[in-house]
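Asks: Below is the file model-v2.tsv, which contains TSV, C-alpha atoms.
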chain	number	residue	atom	x	y	z
C	1	MET	CA	-14.49	-7.15	6.29
C	2	LEU	CA	-14.96	-8.04	2.65
C	3	GLN	CA	-17.40	-10.90	3.32
C	4	PRO	CA	-20.54	-8.69	3.33
C	5	ILE	CA	-19.44	-7.28	-0.02
C	6	VAL	CA	-18.83	-10.78	-1.38
C	7	THR	CA	-22.19	-12.02	-0.15
C	8	LYS	CA	-23.98	-9.08	-1.70
C	9	TYR	CA	-22.34	-9.67	-5.06
C	10	MET	CA	-23.14	-13.38	-4.95
C	11	LYS	CA	-26.80	-12.83	-4.11
C	12	CYS	CA	-27.43	-9.90	-6.42
C	13	TYR	CA	-25.40	-10.70	-9.50
C	14	LYS	CA	-24.71	-14.42	-9.87
C	15	ARG	CA	-28.22	-15.10	-11.13
C	16	PHE	CA	-27.86	-12.49	-13.90
C	17	PHE	CA	-25.33	-14.50	-15.82
C	18	TYR	CA	-25.90	-18.10	-14.82
C	19	CYS	CA	-29.69	-18.23	-14.70
C	20	ASN	CA	-30.32	-15.93	-17.70
C	21	PHE	CA	-32.63	-13.74	-15.67
C	22	PHE	CA	-33.82	-10.52	-17.16
C	23	PHE	CA	-32.30	-7.31	-15.98
C	24	PHE	CA	-35.03	-4.71	-15.86
C	25	GLN	CA	-34.09	-1.10	-16.15
C	26	ARG	CA	-36.23	1.16	-14.05
C	27	ASN	CA	-38.61	3.24	-16.11
C	28	ILE	CA	-38.03	6.52	-14.39
C	29	LYS	CA	-39.69	9.59	-15.83
C	30	ARG	CA	-37.02	12.08	-16.77
C	31	ARG	CA	-37.34	15.72	-17.56
C	32	ASN	CA	-34.61	15.45	-20.14
C	33	ARG	CA	-36.08	13.63	-23.12
C	34	CYS	CA	-32.68	13.10	-24.74
C	35	VAL	CA	-32.15	9.94	-22.69
C	36	TYR	CA	-33.93	6.93	-24.16
C	37	THR	CA	-36.12	4.83	-21.83
C	38	THR	CA	-35.56	1.22	-22.81
C	39	PRO	CA	-37.67	-1.88	-22.44
C	40	PRO	CA	-36.23	-4.61	-20.19
C	41	VAL	CA	-32.78	-5.72	-21.28
C	42	CYS	CA	-32.00	-9.42	-21.27
C	43	CYS	CA	-28.47	-10.55	-20.49
C	44	SER	CA	-28.77	-13.24	-23.13
C	45	ILE	CA	-28.98	-10.53	-25.80
C	46	CYS	CA	-25.32	-11.28	-26.38
C	47	SER	CA	-26.10	-14.69	-27.82
C	48	ASP	CA	-28.60	-13.37	-30.38
C	49	ALA	CA	-27.45	-14.67	-33.76
C	50	LYS	CA	-28.64	-11.47	-35.47
C	51	LEU	CA	-26.20	-9.33	-33.52
C	52	LYS	CA	-22.88	-8.56	-35.13
C	53	ASP	CA	-19.62	-9.30	-33.37
C	54	PRO	CA	-18.34	-6.01	-31.86
C	55	PHE	CA	-14.89	-6.43	-33.39
C	56	SER	CA	-16.33	-7.19	-36.84
C	57	LEU	CA	-18.70	-4.22	-36.59
C	58	ALA	CA	-15.82	-1.82	-35.89
C	59	GLN	CA	-13.35	-3.50	-38.27
C	60	LYS	CA	-13.93	-1.17	-41.21
C	61	ASP	CA	-13.31	1.91	-39.09
C	62	LEU	CA	-10.18	0.35	-37.58
C	63	GLN	CA	-8.61	-1.26	-40.65
C	64	ASN	CA	-6.10	1.57	-41.11
C	65	LEU	CA	-5.67	2.28	-37.40
C	66	TYR	CA	-2.03	1.26	-37.07
C	67	GLU	CA	-1.00	2.91	-40.32
C	68	GLU	CA	-2.59	6.14	-39.12
C	69	ILE	CA	-0.73	5.85	-35.83
C	70	LYS	CA	2.57	5.33	-37.61
C	71	LYS	CA	1.94	8.52	-39.57
C	72	GLN	CA	1.72	10.36	-36.25
C	73	LEU	CA	5.11	8.95	-35.25
C	74	LEU	CA	7.16	10.35	-38.11
C	75	VAL	CA	10.67	11.00	-36.89
C	76	SER	CA	13.99	11.40	-38.68
C	77	LYS	CA	15.97	9.17	-36.32
C	78	ALA	CA	15.59	5.62	-37.66
C	79	GLU	CA	16.12	3.79	-34.35
C	80	LEU	CA	13.50	5.86	-32.52
C	81	LYS	CA	11.07	5.14	-35.36
C	82	VAL	CA	11.66	1.39	-35.01
C	83	LEU	CA	11.07	1.55	-31.25
C	84	CYS	CA	7.86	3.56	-31.60
C	85	ASP	CA	6.47	1.25	-34.29
C	86	TYR	CA	7.38	-1.91	-32.37
C	87	TYR	CA	3.97	-2.54	-30.76
C	88	PHE	CA	1.94	-1.00	-33.60
C	89	ASP	CA	2.36	-4.10	-35.74
C	90	GLY	CA	-1.36	-4.82	-36.10
C	91	LYS	CA	-1.25	-7.79	-33.74
C	92	GLY	CA	-2.87	-6.05	-30.78
C	93	LYS	CA	-6.52	-6.53	-29.87
C	94	ALA	CA	-7.34	-2.83	-30.45
C	95	PHE	CA	-9.87	-3.31	-27.65
C	96	ARG	CA	-9.95	0.34	-26.59
C	97	PRO	CA	-10.31	1.96	-30.02
C	98	MET	CA	-12.98	-0.61	-30.87
C	99	ILE	CA	-15.05	0.46	-27.85
C	100	VAL	CA	-14.51	4.13	-28.71
C	101	ILE	CA	-15.68	3.62	-32.30
C	102	LEU	CA	-18.80	1.74	-31.23
C	103	MET	CA	-19.59	4.31	-28.54
C	104	ALA	CA	-19.15	7.15	-31.03
C	105	ARG	CA	-21.57	5.59	-33.50
C	106	ALA	CA	-24.07	4.71	-30.75
C	107	CYS	CA	-24.01	8.32	-29.48
C	108	ASN	CA	-24.34	9.61	-33.02
C	109	VAL	CA	-27.45	7.51	-33.63
C	110	HIS	CA	-28.83	8.63	-30.26
C	111	SER	CA	-28.27	12.25	-31.30
C	112	ASN	CA	-29.99	11.80	-34.68
C	113	LYS	CA	-26.73	11.91	-36.62
C	114	GLU	CA	-27.42	8.61	-38.39
C	115	GLY	CA	-24.34	7.01	-36.88
C	116	VAL	CA	-21.88	8.71	-39.24
C	117	LEU	CA	-18.44	8.70	-37.63
C	118	LEU	CA	-16.84	12.12	-37.29
C	119	PRO	CA	-13.13	12.50	-38.16
C	120	ALA	CA	-12.45	13.80	-34.65
C	121	GLN	CA	-14.12	10.73	-33.14
C	122	ARG	CA	-11.90	8.49	-35.25
C	123	SER	CA	-8.91	10.48	-34.01
C	124	ILE	CA	-9.89	9.84	-30.39
C	125	ALA	CA	-9.98	6.10	-31.08
C	126	MET	CA	-6.45	6.34	-32.46
C	127	ILE	CA	-5.26	8.49	-29.56
C	128	SER	CA	-6.67	6.00	-27.03
C	129	GLU	CA	-4.52	3.25	-28.53
C	130	MET	CA	-1.45	5.48	-28.53
C	131	ILE	CA	-1.87	6.43	-24.87
C	132	HIS	CA	-2.48	2.80	-23.94
C	133	THR	CA	0.61	1.58	-25.78
C	134	ALA	CA	2.82	4.31	-24.30
C	135	SER	CA	1.65	3.25	-20.84
C	136	LEU	CA	2.57	-0.37	-21.62
C	137	VAL	CA	6.08	0.68	-22.63
C	138	HIS	CA	6.53	2.56	-19.36
C	139	ASP	CA	4.94	-0.23	-17.30
C	140	ASP	CA	7.35	-2.76	-18.73
C	141	VAL	CA	10.27	-0.60	-17.60
C	142	ILE	CA	8.83	-0.18	-14.10
C	143	ASP	CA	8.05	-3.90	-13.81
C	144	ASP	CA	11.26	-5.01	-15.55
C	145	SER	CA	9.11	-7.19	-17.84
C	146	ASP	CA	10.71	-9.39	-20.48
C	147	THR	CA	7.71	-10.21	-22.68
C	148	ARG	CA	4.66	-8.37	-24.00
C	149	ARG	CA	2.15	-9.61	-26.57
C	150	GLY	CA	4.17	-12.76	-27.08
C	151	LYS	CA	7.49	-11.07	-27.89
C	152	ASN	CA	10.37	-9.37	-26.10
C	153	THR	CA	9.60	-6.00	-24.55
C	154	ILE	CA	11.19	-2.80	-25.82
C	155	ASN	CA	13.25	-2.46	-22.64
C	156	LYS	CA	14.50	-6.02	-23.07
C	157	VAL	CA	15.62	-5.40	-26.65
C	158	TRP	CA	16.84	-1.78	-26.53
C	159	GLY	CA	17.27	-1.06	-22.81
C	160	GLU	CA	15.34	0.97	-20.26
C	161	ARG	CA	16.51	4.45	-21.26
C	162	LYS	CA	15.47	4.10	-24.88
C	163	ALA	CA	12.21	2.45	-23.86
C	164	ILE	CA	11.31	5.40	-21.63
C	165	LEU	CA	12.10	7.84	-24.43
C	166	ALA	CA	10.01	5.82	-26.89
C	167	GLY	CA	7.04	5.86	-24.51
C	168	ASP	CA	7.45	9.59	-23.98
C	169	PHE	CA	7.57	10.19	-27.73
C	170	ILE	CA	4.38	8.18	-28.33
C	171	LEU	CA	2.64	10.23	-25.62
C	172	SER	CA	3.83	13.48	-27.15
C	173	ALA	CA	2.56	12.41	-30.58
C	174	ALA	CA	-0.80	11.53	-29.00
C	175	SER	CA	-0.91	14.97	-27.36
C	176	MET	CA	-0.25	16.65	-30.70
C	177	ALA	CA	-3.05	14.67	-32.33
C	178	LEU	CA	-5.35	15.60	-29.45
C	179	ALA	CA	-4.54	19.31	-29.81
C	180	ARG	CA	-5.41	19.17	-33.52
C	181	ILE	CA	-8.98	18.14	-32.66
C	182	GLY	CA	-9.42	21.70	-31.44
C	183	ASN	CA	-11.96	21.04	-28.68
C	184	ASN	CA	-10.85	22.32	-25.28
C	185	THR	CA	-13.33	20.17	-23.37
C	186	VAL	CA	-12.12	17.01	-25.12
C	187	VAL	CA	-8.51	17.99	-24.43
C	188	SER	CA	-9.34	18.44	-20.73
C	189	VAL	CA	-11.16	15.09	-20.53
C	190	LEU	CA	-8.35	13.09	-22.14
C	191	SER	CA	-5.65	14.95	-20.20
C	192	GLN	CA	-7.22	13.47	-17.06
C	193	VAL	CA	-6.24	10.03	-18.36
C	194	ILE	CA	-2.53	10.87	-18.18
C	195	GLU	CA	-2.87	12.09	-14.60
C	196	ASP	CA	-4.81	8.96	-13.64
C	197	LEU	CA	-2.21	6.67	-15.20
C	198	VAL	CA	0.56	8.26	-13.12
C	199	ARG	CA	-1.48	8.30	-9.91
C	200	GLY	CA	-2.54	4.70	-10.49
C	201	GLU	CA	1.05	3.60	-10.92
C	202	PHE	CA	1.99	5.28	-7.64
C	203	MET	CA	-0.96	3.60	-5.92
C	204	GLN	CA	0.27	0.24	-7.18
C	205	LEU	CA	3.56	0.81	-5.38
C	206	GLY	CA	1.81	0.86	-2.00
C	207	SER	CA	-0.66	-1.20	0.01
C	208	LYS	CA	-3.11	-0.73	2.85
C	209	GLU	CA	-3.01	-2.36	6.28
C	210	ASN	CA	-6.79	-2.37	6.73
C	211	GLU	CA	-8.54	-5.00	4.60
C	212	ASN	CA	-11.50	-2.84	3.60
C	213	GLU	CA	-9.24	0.06	2.68
C	214	ARG	CA	-7.03	-2.38	0.78
C	215	PHE	CA	-9.87	-3.49	-1.47
C	216	LYS	CA	-11.02	0.08	-2.05
C	217	HIS	CA	-7.41	0.97	-2.87
C	218	TYR	CA	-7.25	-1.91	-5.36
C	219	LEU	CA	-10.43	-0.88	-7.19
C	220	GLU	CA	-9.41	2.77	-7.33
C	221	LYS	CA	-6.01	1.80	-8.68
C	222	THR	CA	-7.73	-0.44	-11.23
C	223	PHE	CA	-9.85	2.46	-12.41
C	224	LYS	CA	-6.93	4.83	-12.75
C	225	LYS	CA	-4.57	2.43	-14.50
C	226	THR	CA	-7.08	0.73	-16.81
C	227	ALA	CA	-10.64	2.06	-16.82
C	228	SER	CA	-9.99	5.80	-16.89
C	229	LEU	CA	-8.68	5.67	-20.46
C	230	ILE	CA	-11.76	3.80	-21.68
C	231	ALA	CA	-14.22	5.91	-19.67
C	232	ASN	CA	-12.80	9.27	-20.68
C	233	SER	CA	-12.33	8.27	-24.33
C	234	CYS	CA	-16.00	7.24	-24.47
C	235	LYS	CA	-16.97	10.51	-22.85
C	236	ALA	CA	-14.85	12.48	-25.32
C	237	VAL	CA	-16.56	11.05	-28.41
C	238	SER	CA	-19.97	11.76	-26.87
C	239	ILE	CA	-19.01	15.39	-26.22
C	240	LEU	CA	-18.22	15.88	-29.90
C	241	VAL	CA	-21.76	15.06	-30.99
C	242	ASN	CA	-24.05	15.83	-28.04
C	243	SER	CA	-24.16	18.72	-25.58
C	244	ASP	CA	-26.23	16.84	-23.00
C	245	PRO	CA	-24.17	16.09	-19.83
C	246	GLU	CA	-26.39	13.09	-19.11
C	247	VAL	CA	-25.34	11.44	-22.38
C	248	HIS	CA	-21.71	12.19	-21.52
C	249	GLU	CA	-22.20	10.48	-18.17
C	250	ILE	CA	-23.77	7.41	-19.81
C	251	ALA	CA	-20.76	7.06	-22.11
C	252	TYR	CA	-18.34	7.61	-19.22
C	253	GLN	CA	-20.03	5.13	-16.89
C	254	TYR	CA	-20.19	2.45	-19.57
C	255	GLY	CA	-16.45	2.82	-20.20
C	256	ARG	CA	-15.67	2.91	-16.49
C	257	ASN	CA	-17.58	-0.27	-15.68
C	258	VAL	CA	-16.38	-2.24	-18.70
C	259	GLY	CA	-12.82	-1.09	-18.03
C	260	ILE	CA	-12.86	-2.26	-14.41
C	261	ALA	CA	-14.46	-5.58	-15.42
C	262	PHE	CA	-11.80	-6.03	-18.12
C	263	GLN	CA	-9.00	-5.62	-15.56
C	264	LEU	CA	-10.69	-7.90	-13.02
C	265	VAL	CA	-10.81	-10.63	-15.66
C	266	ASP	CA	-7.19	-9.92	-16.48
C	267	ASP	CA	-6.34	-10.44	-12.82
C	268	ILE	CA	-8.25	-13.73	-12.87
C	269	LEU	CA	-6.36	-14.90	-15.96
C	270	ASP	CA	-3.09	-14.43	-14.10
C	271	PHE	CA	-4.16	-17.48	-12.07
C	272	THR	CA	-6.13	-19.48	-14.61
C	273	SER	CA	-4.47	-19.01	-18.01
C	274	CYS	CA	-1.14	-20.37	-19.17
C	275	ALA	CA	1.64	-18.05	-20.27
C	276	ASN	CA	1.44	-18.83	-23.99
C	277	LEU	CA	-2.19	-17.63	-24.08
C	278	LEU	CA	-1.53	-14.45	-22.13
C	279	GLY	CA	1.65	-13.54	-23.98
C	280	LYS	CA	3.28	-12.95	-20.60
C	281	PRO	CA	4.31	-15.21	-17.68
C	282	SER	CA	1.53	-16.41	-15.39
C	283	ALA	CA	1.59	-15.37	-11.71
C	284	ALA	CA	3.25	-12.18	-12.95
C	285	ASP	CA	1.32	-10.02	-10.47
C	286	LEU	CA	2.38	-12.07	-7.46
C	287	LYS	CA	5.99	-11.94	-8.61
C	288	LEU	CA	5.69	-8.16	-8.80
C	289	GLY	CA	4.35	-8.08	-5.25
C	290	LEU	CA	0.80	-7.16	-6.29
C	291	ALA	CA	-2.29	-8.37	-4.44
C	292	THR	CA	-5.11	-8.42	-6.98
C	293	GLY	CA	-8.78	-9.37	-6.55
C	294	PRO	CA	-8.34	-13.16	-6.28
C	295	VAL	CA	-5.70	-12.71	-3.56
C	296	LEU	CA	-7.72	-10.15	-1.61
C	297	PHE	CA	-10.79	-12.39	-1.63
C	298	ALA	CA	-8.70	-15.46	-0.74
C	299	CYS	CA	-7.34	-13.58	2.26
C	300	GLN	CA	-10.77	-13.98	3.88
C	301	GLN	CA	-10.34	-17.76	3.95
C	302	PHE	CA	-6.58	-17.83	4.46
C	303	PRO	CA	-5.51	-15.03	6.85
C	304	GLU	CA	-1.91	-16.13	6.35
C	305	LEU	CA	-2.01	-14.12	3.14
C	306	HIS	CA	-2.25	-10.87	5.07
C	307	ALA	CA	1.40	-10.88	6.11
C	308	MET	CA	2.48	-11.89	2.61
C	309	ILE	CA	0.52	-9.01	1.11
C	310	MET	CA	2.13	-6.51	3.45
C	311	ARG	CA	5.64	-7.73	2.56
C	312	ARG	CA	4.62	-7.89	-1.14
C	313	PHE	CA	5.35	-11.63	-1.40
C	314	SER	CA	9.05	-10.94	-1.01
C	315	SER	CA	10.04	-13.87	1.23
C	316	ASP	CA	11.13	-17.21	-0.17
C	317	GLY	CA	8.15	-19.36	-1.09
C	318	ASP	CA	5.60	-16.54	-0.75
C	319	VAL	CA	4.59	-16.57	-4.41
C	320	ASP	CA	4.04	-20.33	-4.50
C	321	ARG	CA	2.12	-20.39	-1.21
C	322	ALA	CA	-0.05	-17.46	-2.21
C	323	TRP	CA	-0.77	-19.14	-5.53
C	324	GLN	CA	-1.91	-22.31	-3.75
C	325	TYR	CA	-4.07	-20.37	-1.29
C	326	VAL	CA	-5.84	-18.60	-4.13
C	327	LEU	CA	-6.52	-21.85	-5.97
C	328	LYS	CA	-7.85	-23.50	-2.79
C	329	SER	CA	-10.12	-20.54	-2.06
C	330	ASP	CA	-13.06	-19.07	-3.96
C	331	GLY	CA	-11.05	-15.93	-4.72
C	332	VAL	CA	-11.19	-16.45	-8.48
C	333	GLU	CA	-14.93	-17.10	-8.38
C	334	GLN	CA	-15.61	-14.05	-6.22
C	335	THR	CA	-13.55	-11.84	-8.52
C	336	ASN	CA	-15.56	-13.19	-11.43
C	337	TYR	CA	-18.83	-12.29	-9.65
C	338	LEU	CA	-17.48	-8.78	-9.12
C	339	ALA	CA	-16.60	-8.47	-12.82
C	340	GLN	CA	-20.15	-9.59	-13.66
C	341	HIS	CA	-21.50	-6.83	-11.44
C	342	TYR	CA	-19.52	-4.19	-13.31
C	343	CYS	CA	-20.60	-5.59	-16.68
C	344	GLN	CA	-24.23	-5.54	-15.59
C	345	GLU	CA	-23.93	-1.90	-14.62
C	346	ALA	CA	-22.34	-1.16	-18.00
C	347	ILE	CA	-25.38	-2.77	-19.67
C	348	ARG	CA	-27.73	-0.69	-17.54
C	349	GLN	CA	-25.97	2.50	-18.54
C	350	ILE	CA	-25.64	1.91	-22.29
C	351	SER	CA	-29.25	0.69	-22.50
C	352	ARG	CA	-30.33	4.27	-21.84
C	353	LEU	CA	-29.25	5.24	-25.37
C	354	ARG	CA	-31.53	4.79	-28.37
C	355	PRO	CA	-31.45	1.29	-29.88
C	356	SER	CA	-28.81	0.80	-32.55
C	357	THR	CA	-26.56	-1.95	-33.86
C	358	GLU	CA	-23.60	-0.34	-32.14
C	359	ARG	CA	-25.40	0.03	-28.83
C	360	ASP	CA	-26.32	-3.66	-28.89
C	361	ALA	CA	-22.75	-4.55	-29.81
C	362	LEU	CA	-21.56	-2.68	-26.70
C	363	ILE	CA	-24.01	-4.76	-24.66
C	364	GLN	CA	-22.68	-7.92	-26.29
C	365	LEU	CA	-19.13	-6.82	-25.57
C	366	THR	CA	-19.70	-7.21	-21.83
C	367	GLU	CA	-20.18	-10.94	-22.30
C	368	LEU	CA	-17.03	-11.16	-24.41
C	369	VAL	CA	-15.11	-9.40	-21.67
C	370	LEU	CA	-16.22	-12.00	-19.14
C	371	ARG	CA	-15.54	-14.96	-21.43
C	372	ARG	CA	-12.11	-13.96	-22.74
C	373	ASP	CA	-9.17	-16.27	-22.09
C	374	LYS	CA	-6.32	-13.92	-23.01
Would you mind writing the file out in structure tokens?
Replies:
Amino acid sequence: MLQPIVTKYMKCYKRFFYCNFFFFQRNIKRRNRCVYTTPPVCCSICSDAKLKDPFSLAQKDLQNLYEEIKKQLLVSKAELKVLCDYYFDGKGKAFRPMIVILMARACNVHSNKEGVLLPAQRSIAMISEMIHTASLVHDDVIDDSDTRRGKNTINKVWGERKAILAGDFILSAASMALARIGNNTVVSVLSQVIEDLVRGEFMQLGSKENENERFKHYLEKTFKKTASLIANSCKAVSILVNSDPEVHEIAYQYGRNVGIAFQLVDDILDFTSCANLLGKPSAADLKLGLATGPVLFACQQFPELHAMIMRRFSSDGDVDRAWQYVLKSDGVEQTNYLAQHYCQEAIRQISRLRPSTERDALIQLTELVLRRDK
């Protein structure tokens, strides 16, 4: 049953964000002195007026991001060029490359490199956005989506075949850029992202009969489809500047936890945000037959959802009934508590690095993830 999990999250994590309690990191003596032992970290650090907005802090490093990506997509065929450039119009959030840039600088400061961004680290930020965008192009084909980022999808405008080819070409260009970095370990780490994306998509096609297995399946799928890219990109930039595996793990775990929290909030917004804010239709997941966090938690209060989940909301009226059950339940609230848990763990991990503006911005970012409305 999920109820023990829900209760644990409510008791352990609700107070962190709503009561402004301090989160104290354990001061454990470590043999490896490369990991910084921090003083207690307060969750309200995010509201400190002296802290810079994470997006503003990374803006200078990202100002030419999309132009650099377009340079990687040089191709003689004009139509393919138009397709590949379609989503690189500068209107995206650049959430993933922003995290990668901040993590790179935080790791550089931690490693006594004065925070200077390495060209290879900047390349990884660019590659992360290319892989992410290619996955969106393919997802839209699989899901037969009509809109993305407030405009028609590539498959809607040019058809599925050309959309698949465009996504493939973006991935190939990202692979070429990755190879030019010339670090075999980094190549191996980021290659794992591609495998996870494919495995995650296959996991999304299925479901589990047992409720506990179903929730575990959902979180694992969430990691593979969303968080793996962030986690492994963060790990990659740390590898370039520090040989300590413990620092690599800190970077990876921060990305993993923020990535899962980001997707949990995204799943919440499918029930709470209107379509014009999201840039895609609301209740999209239910219409695709997907049972996300709010639905899985709501199933504890409304067992009728179980049968709907197993038939992927395919019967007449399933989507509307499931929607109403979720809104009547505390599924959205429980999913929010779970996202808070993952953000708190991300804070715990990143707080192990030496203090820096970028490290604090990554802490602040967790609050922005929880508060976002699109």
Asks: Under the rule that only C-alpha atoms are counted, which of C:Thr292, C:Ser351, C:Ser356, C:Gln204 is the nearest residue to Ile250 of chain C?
Replies: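 Answer, going by the shortest atom-to-atom distance: C:Ser351.
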Asks: Name all residues at most 10 Å from Leu368 of chain C (count all atoms listed in the file; drop same-chain ones fewer than 5 positions away) and give them as a ChimeraX atom specification.
Replies: /C:46,53-54,262,362-363,373
Asks: Write the selection just made, keeping C-alpha atoms, as a PDB file, keeping the file's coordinate frame?
Replies:
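The result, written out as again16.pdb:
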ATOM      1  CA  CYS C  46     -25.320 -11.280 -26.380  1.00  0.00           C
ATOM      2  CA  ASP C  53     -19.620  -9.300 -33.370  1.00  0.00           C
ATOM      3  CA  PRO C  54     -18.340  -6.010 -31.860  1.00  0.00           C
ATOM      4  CA  PHE C 262     -11.800  -6.030 -18.120  1.00  0.00           C
ATOM      5  CA  LEU C 362     -21.560  -2.680 -26.700  1.00  0.00           C
ATOM      6  CA  ILE C 363     -24.010  -4.760 -24.660  1.00  0.00           C
ATOM      7  CA  ASP C 373      -9.170 -16.270 -22.090  1.00  0.00           C
TER       8      ASP C 373
END
Asks: Name the closest residue to Glu195 of chain C among the candidates C:Arg214, C:Arg180, C:Lys60, C:Lys225; distances are taken between atoms, counting all atoms listed in the file.
Replies: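 Selected residue with least distance to Glu195 of chain C: C:Lys225.
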Asks: Which one of C:Lys71, C:Lys328, C:Arg105, C:His306 sits closest to Lys208 of chain C if you count all atoms listed in the file?
Replies: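 With all atoms listed in the file as the atom set, the closest residue is C:His306.
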Asks: Point out the residue among C:Val157, C:Ala104, C:Glu67, C:Lys52 with the least atom-to-atom distance to Asp89 of chain C, counting all atoms listed in the file.
Replies: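 Of C:Val157, C:Ala104, C:Glu67, C:Lys52, the one nearest Asp89 of chain C is C:Glu67, counting all atoms listed in the file.
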Asks: Given the point (-12.2, -4.2, -12.8) in the file's coordinates, find the residues that have an atom at most 12 Å from it, counting all atoms listed in the file, and give them as a VMD selection string.
Replies: chain C and resid 215 to 216 218 to 228 230 255 to 268 292 to 294 335 to 343 346 369 to 370
Asks: From the list C:Ala283, C:Val193, C:Leu288, C:Leu62, which residue is nearest Leu117 of chain C when using all atoms listed in the file?
Replies: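 Nearest to Leu117 of chain C: C:Leu62.
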Asks: Between C:Asp85, C:Val332, C:Ile99, C:Arg161, which one has atoms that come closest to Gln121 of chain C, using all atoms listed in the file?
Replies: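 With all atoms listed in the file as the atom set, the closest residue is C:Ile99.
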Asks: Could you please determine the separation between atom CA of Lys235 of chain C and atom CA of Asp196 of chain C in Å, to one decimal place?
Replies: 15.3 Å
Asks: Residues within 7 Å of Ala125 of chain C, please, as a PyMOL selection string. Count all atoms listed in the file; anything in the same chain fewer than 5 positions from it doesn't count.
Replies: chain C and resi 97+100-101
Asks: For the selection you just gave me, I'd like the residues written to a file as a PDB file, keeping the file's coordinate frame, keeping C-alpha atoms.
Replies:
ATOM      1  CA  PRO C  97     -10.310   1.960 -30.020  1.00  0.00           C
ATOM      2  CA  VAL C 100     -14.510   4.130 -28.710  1.00  0.00           C
ATOM      3  CA  ILE C 101     -15.680   3.620 -32.300  1.00  0.00           C
TER       4      ILE C 101
END
Asks: Applying 10 Å and only C-alpha atoms, which residues near Ile181 of chain C remain after dropping the ones on its own chain fewer than 5 positions away? List them as a PyMOL selection string.
Replies: chain C and resi 119-121+123-124+176+186-187+240
Asks: I'd like the interatomic distance between atom CA of Ile154 of chain C and atom CA of Leu83 of chain C, to a tenth of an Å.
Replies: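 Interatomic distance, atom CA of Ile154 of chain C to atom CA of Leu83 of chain C: 7.0 Å.
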Asks: Distance atom CA of His132 of chain C-atom CA of Ala106 of chain C, one decimal place?
Replies: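 Answer for the atom CA of His132 of chain C to atom CA of Ala106 of chain C separation: 22.7 Å.
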Asks: Could you list, as a ChimeraX atom specification, every residue within 12 Å of Arg311 of chain C, counting all atoms listed in the file and ignoring same-chain residues fewer than 3 positions away?
Replies: /C:205-209,286-291,304-308,314-316,318-319
Asks: Produce a file of the selected residues containing C-alpha atoms, as a tab-separated table (two decimals), in the frame of the given file.
Replies:
chain	number	residue	atom	x	y	z
C	205	LEU	CA	3.56	0.81	-5.38
C	206	GLY	CA	1.81	0.86	-2.00
C	207	SER	CA	-0.66	-1.20	0.01
C	208	LYS	CA	-3.11	-0.73	2.85
C	209	GLU	CA	-3.01	-2.36	6.28
C	286	LEU	CA	2.38	-12.07	-7.46
C	287	LYS	CA	5.99	-11.94	-8.61
C	288	LEU	CA	5.69	-8.16	-8.80
C	289	GLY	CA	4.35	-8.08	-5.25
C	290	LEU	CA	0.80	-7.16	-6.29
C	291	ALA	CA	-2.29	-8.37	-4.44
C	304	GLU	CA	-1.91	-16.13	6.35
C	305	LEU	CA	-2.01	-14.12	3.14
C	306	HIS	CA	-2.25	-10.87	5.07
C	307	ALA	CA	1.40	-10.88	6.11
C	308	MET	CA	2.48	-11.89	2.61
C	314	SER	CA	9.05	-10.94	-1.01
C	315	SER	CA	10.04	-13.87	1.23
C	316	ASP	CA	11.13	-17.21	-0.17
C	318	ASP	CA	5.60	-16.54	-0.75
C	319	VAL	CA	4.59	-16.57	-4.41
Asks: Within 8 Å of Val137 of chain C, counting all atoms listed in the file, which residues qualify if same-chain residues fewer than 3 places away don't, as a PyMOL selection string?
Replies: chain C and resi 133-134+140-141+153-155+163-164+166-167
